[in-house]
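Student: Structure supplied as query.cif; contents: mmCIF, C-alpha atoms.
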data_query
#
loop_
_atom_site.label_atom_id
_atom_site.label_comp_id
_atom_site.auth_asym_id
_atom_site.auth_seq_id
_atom_site.Cartn_x
_atom_site.Cartn_y
_atom_site.Cartn_z
CA MET A 1 103.31 106.41 132.69
CA THR A 2 106.08 107.45 130.29
CA ILE A 3 105.85 109.71 127.28
CA PHE A 4 105.82 106.72 124.95
CA SER A 5 103.19 104.73 126.87
CA ALA A 6 100.98 107.83 127.06
CA ALA A 7 101.50 108.46 123.34
CA MET A 8 100.66 104.82 122.56
CA LEU A 9 97.44 105.05 124.57
CA LEU A 10 96.41 108.24 122.77
CA PHE A 11 97.33 106.74 119.40
CA ILE A 12 95.11 103.72 120.01
CA VAL A 13 92.22 105.91 121.20
CA MET A 14 92.55 108.22 118.18
CA ASP A 15 92.15 105.08 116.03
CA PRO A 16 93.67 106.44 112.79
CA PHE A 17 93.16 103.15 110.91
CA GLY A 18 89.48 103.16 111.78
CA ASN A 19 89.23 106.82 110.77
CA ILE A 20 90.62 106.25 107.26
CA PRO A 21 87.28 105.28 105.65
CA LEU A 22 85.52 108.06 107.57
CA PHE A 23 88.01 110.64 106.31
CA MET A 24 87.76 109.38 102.74
CA THR A 25 83.97 109.62 102.86
CA ALA A 26 83.99 113.12 104.38
CA MET A 27 86.55 114.30 101.80
CA SER A 28 84.73 112.87 98.81
CA HIS A 29 83.33 116.31 97.86
CA VAL A 30 86.62 118.20 98.27
CA LYS A 31 88.51 119.30 95.17
CA PRO A 32 91.73 117.29 94.61
CA GLU A 33 93.93 120.39 94.80
CA ARG A 34 92.45 121.21 98.23
CA TYR A 35 92.61 117.67 99.64
CA LYS A 36 95.93 117.78 101.52
CA ARG A 37 95.43 121.36 102.67
CA VAL A 38 92.07 120.55 104.22
CA ILE A 39 93.38 117.44 105.98
CA VAL A 40 96.37 119.32 107.43
CA ARG A 41 94.11 122.16 108.57
CA GLU A 42 91.72 119.77 110.33
CA LEU A 43 94.58 117.89 111.97
CA LEU A 44 96.02 121.15 113.32
CA ILE A 45 92.62 122.13 114.73
CA ALA A 46 92.37 118.74 116.43
CA LEU A 47 95.83 119.20 117.92
CA GLY A 48 94.84 122.61 119.26
CA VAL A 49 91.77 121.12 120.96
CA LEU A 50 93.79 118.33 122.58
CA VAL A 51 96.48 120.74 123.80
CA ALA A 52 93.79 122.99 125.27
CA PHE A 53 92.39 120.03 127.22
CA LEU A 54 95.91 119.15 128.35
CA PHE A 55 96.53 122.61 129.80
CA LEU A 56 93.06 123.34 131.15
CA GLY A 57 91.99 119.85 132.21
CA ARG A 58 93.69 120.05 135.61
CA TYR A 59 91.70 123.12 136.57
CA LEU A 60 88.48 121.66 135.17
CA LEU A 61 88.87 118.62 137.43
CA ARG A 62 89.55 120.85 140.42
CA LEU A 63 86.43 122.86 139.65
CA LEU A 64 84.32 119.70 139.43
CA GLN A 65 86.07 118.20 142.50
CA ILE A 66 86.80 114.93 140.73
CA SER A 67 89.42 112.78 142.45
CA GLU A 68 92.20 110.90 140.70
CA THR A 69 90.69 107.59 141.87
CA ALA A 70 87.32 108.40 140.33
CA LEU A 71 88.93 109.61 137.11
CA THR A 72 91.03 106.45 136.81
CA ALA A 73 88.01 104.17 137.25
CA ALA A 74 85.86 106.29 134.93
CA GLY A 75 88.64 106.48 132.35
CA GLY A 76 89.01 102.71 132.38
CA THR A 77 85.27 102.31 131.86
CA VAL A 78 85.23 104.80 128.97
CA LEU A 79 88.25 103.19 127.31
CA LEU A 80 86.62 99.77 127.67
CA LEU A 81 83.53 101.01 125.85
CA ILE A 82 85.73 102.52 123.13
CA ALA A 83 87.65 99.25 122.77
CA ILE A 84 84.43 97.24 122.47
CA LYS A 85 83.23 99.63 119.77
CA MET A 86 86.52 99.18 117.90
CA ILE A 87 86.22 95.39 118.04
CA PHE A 88 82.47 95.27 117.32
CA PRO A 89 81.68 98.44 115.32
CA ARG A 90 78.09 99.25 114.58
CA SER A 91 77.00 99.94 111.01
CA GLY A 92 76.39 103.49 109.86
CA GLY A 93 77.43 105.98 112.52
CA LEU A 94 78.95 109.39 111.98
CA SER A 95 79.82 108.74 108.36
CA GLU A 96 76.10 108.86 107.50
CA ASP A 97 75.84 112.43 108.76
CA THR A 98 78.73 113.81 106.69
CA PRO A 99 77.73 117.19 105.18
CA ASP A 100 78.26 118.05 101.52
CA GLY A 101 81.05 120.41 100.55
CA GLU A 102 84.35 121.06 102.28
CA PRO A 103 84.29 119.99 105.94
CA PHE A 104 85.40 122.46 108.58
CA ILE A 105 86.15 121.32 112.16
CA VAL A 106 83.19 118.90 112.13
CA PRO A 107 83.46 115.99 111.58
CA LEU A 108 87.19 115.64 110.74
CA ALA A 109 88.89 117.55 113.57
CA ILE A 110 86.03 116.88 116.00
CA PRO A 111 85.05 114.12 116.63
CA TYR A 112 87.12 111.92 114.29
CA VAL A 113 90.55 112.93 115.69
CA ALA A 114 89.87 114.97 118.83
CA GLY A 115 86.76 113.18 119.91
CA PRO A 116 85.34 112.78 123.43
CA SER A 117 87.45 109.66 123.97
CA ALA A 118 90.70 111.42 123.03
CA MET A 119 89.83 114.42 125.20
CA ALA A 120 89.02 112.16 128.16
CA SER A 121 92.28 110.27 127.63
CA VAL A 122 94.26 113.51 127.68
CA LEU A 123 92.62 114.45 130.99
CA LEU A 124 93.34 111.00 132.36
CA ILE A 125 97.00 110.97 131.30
CA MET A 126 97.58 114.44 132.71
CA THR A 127 96.25 113.48 136.16
CA ARG A 128 97.66 109.95 136.50
CA GLU A 129 100.76 111.16 138.38
CA PRO A 130 100.00 114.23 140.53
CA ALA A 131 103.64 114.36 141.68
CA ARG A 132 104.53 115.59 138.23
CA TRP A 133 102.40 118.69 138.81
CA PRO A 134 104.18 120.58 141.65
CA GLU A 135 103.37 124.21 142.17
CA TRP A 136 106.70 125.79 141.33
CA LEU A 137 106.93 127.15 137.82
CA GLY A 138 109.95 125.25 136.49
CA ALA A 139 108.55 121.81 137.31
CA VAL A 140 105.14 122.73 135.90
CA VAL A 141 106.73 123.74 132.61
CA LEU A 142 108.72 120.50 132.46
CA ALA A 143 105.63 118.42 133.21
CA TRP A 144 103.61 120.24 130.57
CA LEU A 145 106.38 119.70 128.02
CA GLU A 146 106.51 115.99 128.85
CA TRP A 147 102.79 115.40 128.39
CA LEU A 148 102.68 117.79 125.45
CA GLY A 149 105.35 115.64 123.81
CA ALA A 150 103.13 112.57 124.26
CA VAL A 151 100.13 114.33 122.69
CA VAL A 152 102.15 115.66 119.76
CA LEU A 153 103.81 112.28 119.16
CA ALA A 154 100.48 110.44 119.04
CA TRP A 155 99.03 113.18 116.84
CA LEU A 156 101.98 113.08 114.41
CA VAL A 157 101.75 109.32 113.89
CA SER A 158 97.96 109.42 113.56
CA GLY A 159 98.16 112.38 111.16
CA ALA A 160 100.77 110.64 109.01
CA ILE A 161 98.55 107.56 108.72
CA ILE A 162 95.50 109.65 107.82
CA CYS A 163 97.46 111.69 105.25
CA ALA A 164 98.61 108.43 103.65
CA SER A 165 95.09 106.96 103.69
CA GLY A 166 94.89 106.55 99.90
CA PRO A 167 98.15 104.59 99.49
CA LEU A 168 97.42 102.56 102.64
CA VAL A 169 94.01 101.46 101.35
CA ARG A 170 95.52 100.46 98.01
CA MET A 171 98.47 98.64 99.62
CA LEU A 172 96.79 96.90 102.56
CA GLY A 173 93.16 96.77 101.55
CA LYS A 174 90.12 97.40 103.72
CA LYS A 175 90.22 93.95 105.31
CA ALA A 176 93.78 94.44 106.59
CA LEU A 177 92.91 97.89 107.97
CA THR A 178 89.90 96.39 109.73
CA ALA A 179 92.07 93.64 111.21
CA ILE A 180 94.57 96.24 112.51
CA GLU A 181 91.76 98.22 114.12
CA ARG A 182 90.42 95.08 115.83
CA LEU A 183 93.91 94.28 117.15
CA MET A 184 94.28 97.81 118.53
CA GLY A 185 90.89 97.37 120.18
CA MET A 186 92.07 94.18 121.90
CA VAL A 187 95.14 95.99 123.27
CA LEU A 188 92.94 98.83 124.49
CA VAL A 189 90.69 96.34 126.31
CA ALA A 190 93.68 95.19 128.38
CA VAL A 191 94.69 98.80 129.13
CA ALA A 192 91.12 99.71 130.10
CA ILE A 193 90.72 96.73 132.44
CA GLN A 194 94.03 97.53 134.13
CA MET A 195 93.01 101.15 134.66
CA LEU A 196 89.59 100.14 135.99
CA MET A 197 91.17 97.64 138.41
CA SER A 198 93.69 100.28 139.55
CA GLY A 199 90.91 102.78 140.26
CA VAL A 200 88.91 100.20 142.25
CA ALA A 201 92.03 99.11 144.16
CA GLN A 202 92.85 102.74 145.05
CA PHE A 203 89.29 103.28 146.27
CA MET A 204 89.29 100.09 148.37
CA GLY A 205 92.65 101.04 149.86
CA GLN A 206 91.43 104.42 151.11
#
Represent the structure contained in this file as structure tokens.

Tutor:
Amino acid sequence: MTIFSAAMLLFIVMDPFGNIPLFMTAMSHVKPERYKRVIVRELLIALGVLVAFLFLGRYLLRLLQISETALTAAGGTVLLLIAIKMIFPRSGGLSEDTPDGEPFIVPLAIPYVAGPSAMASVLLIMTREPARWPEWLGAVVLAWLEWLGAVVLAWLVSGAIICASGPLVRMLGKKALTAIERLMGMVLVAVAIQMLMSGVAQFMGQ
């Protein structure tokens, strides 16, 4: 998995196009002069959460004694459920529980951007290639920088789309945004099935 393929996977899971209406609903009570500042603040908090999972996820998996094979199969299953939800979204959802006033951390940073699916994907990406995690310090730093670059790249693109939510809605319309989200869901289905098959194949080959 390269930086760009990892970033693409995270970008699809973050689902910025699907988050646009959720962000607009959650920000409906925010003063116009505070709008951009609040969005940037929440995006930075989400990035901090994802980076924390990137750095600490390896040790969490060791503590729980979860193998790479199990994580690959589980990750494929989780991503498949996420993809199905993107293609066939249920009505209502988190947007109905949006609190009045200026949001803080919940629900914009967590779970809209750094939700359980994004956190699980970061753990999965970080453990897909154990050879990139040798014990000597220099290689560890290089590996961290590589995966950190993937997280930041996906976050930057997602954040740019969310920050431009108003112009995008006016230019593309809600139907076009919905169609894009469905297409991203179809791509994620293929990725999820491949990961699930890889995990099963690794288990059968043991």

Student: Can you tell me, as a PyMOL selection string, what residues are no more than 10 Å from A:Val151 when counting all atoms listed in the file, ignoring any on the same chain fewer than 4 positions away?

Tutor: chain A and resi 3-4+6-11+47+50-51+54+118+122+125+145-147+155-156

Student: Please evaluate the PyMOL selection byres ((chain A and resi 178-192) around 10) against the displayed coordinates and give the resulting residues as a ChimeraX atom specification.

Tutor: /A:8-9,11-13,15-19,72-89,172-177,193-198

Student: Quote the spacing between atom CA of A:Arg62 and atom CA of A:Leu123 in Å to one decimal place.

Tutor: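 Between atom CA of A:Arg62 and atom CA of A:Leu123 the gap works out to 11.8 Å.
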
Student: So that each row is one residue of stretch 151-201 of chain A with an atom at most 12 Å from stretch 38-41 of chain A, can you give its shortest atom pair and the distance in Å to one decimal, using all atoms listed in the file, rows by chain and rising number, as a Markdown table?

Tutor:
| residue | atom | partner | partner_atom | distance |
| --- | --- | --- | --- | --- |
| A:Trp155 | CA | A:Val40 | CA | 11.5 |
| A:Leu156 | CA | A:Val40 | CA | 10.9 |
| A:Ser158 | CA | A:Val40 | CA | 11.8 |
| A:Gly159 | CA | A:Val40 | CA | 8.1 |
| A:Ala160 | CA | A:Val40 | CA | 9.9 |
| A:Ile161 | CA | A:Ile39 | CA | 11.5 |
| A:Ile162 | CA | A:Ile39 | CA | 8.3 |
| A:Cys163 | CA | A:Ile39 | CA | 7.1 |
| A:Ala164 | CA | A:Ile39 | CA | 10.7 |
| A:Ser165 | CA | A:Ile39 | CA | 10.9 |

Student: Just the number, please: distance in Å from atom CA of A:Tyr112 to atom CA of A:Arg58, one decimal.

Tutor: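 Separation between atom CA of A:Tyr112 and atom CA of A:Arg58: 23.7 Å.
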
Student: Would you mind reading off the distance between atom CA of A:Ala201 and atom CA of A:Gln65, one decimal, in Å?

Tutor: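 Computed distance, atom CA of A:Ala201 to atom CA of A:Gln65, equals 20.1 Å.
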
Student: Name the closest residue to A:Leu44 among the candidates A:Ser28, A:Val113, A:Met14, A:Pro107; distances are taken between atoms, counting only C-alpha atoms.

Tutor: A:Val113

Student: With distances taken over only C-alpha atoms, which residue among A:Pro103, A:Pro116, A:Arg170, A:Leu124 lies nearest A:Arg37?

Tutor: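 Looking only at the distances to A:Arg37, the closest residue turns out to be A:Pro103.
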
Student: Quick one: residues within 10 Å of A:Ile110, all atoms listed in the file, excluding same-chain residues fewer than 2 positions away - as a ChimeraX atom specification?

Tutor: /A:42-43,45-46,49,104-108,112-116
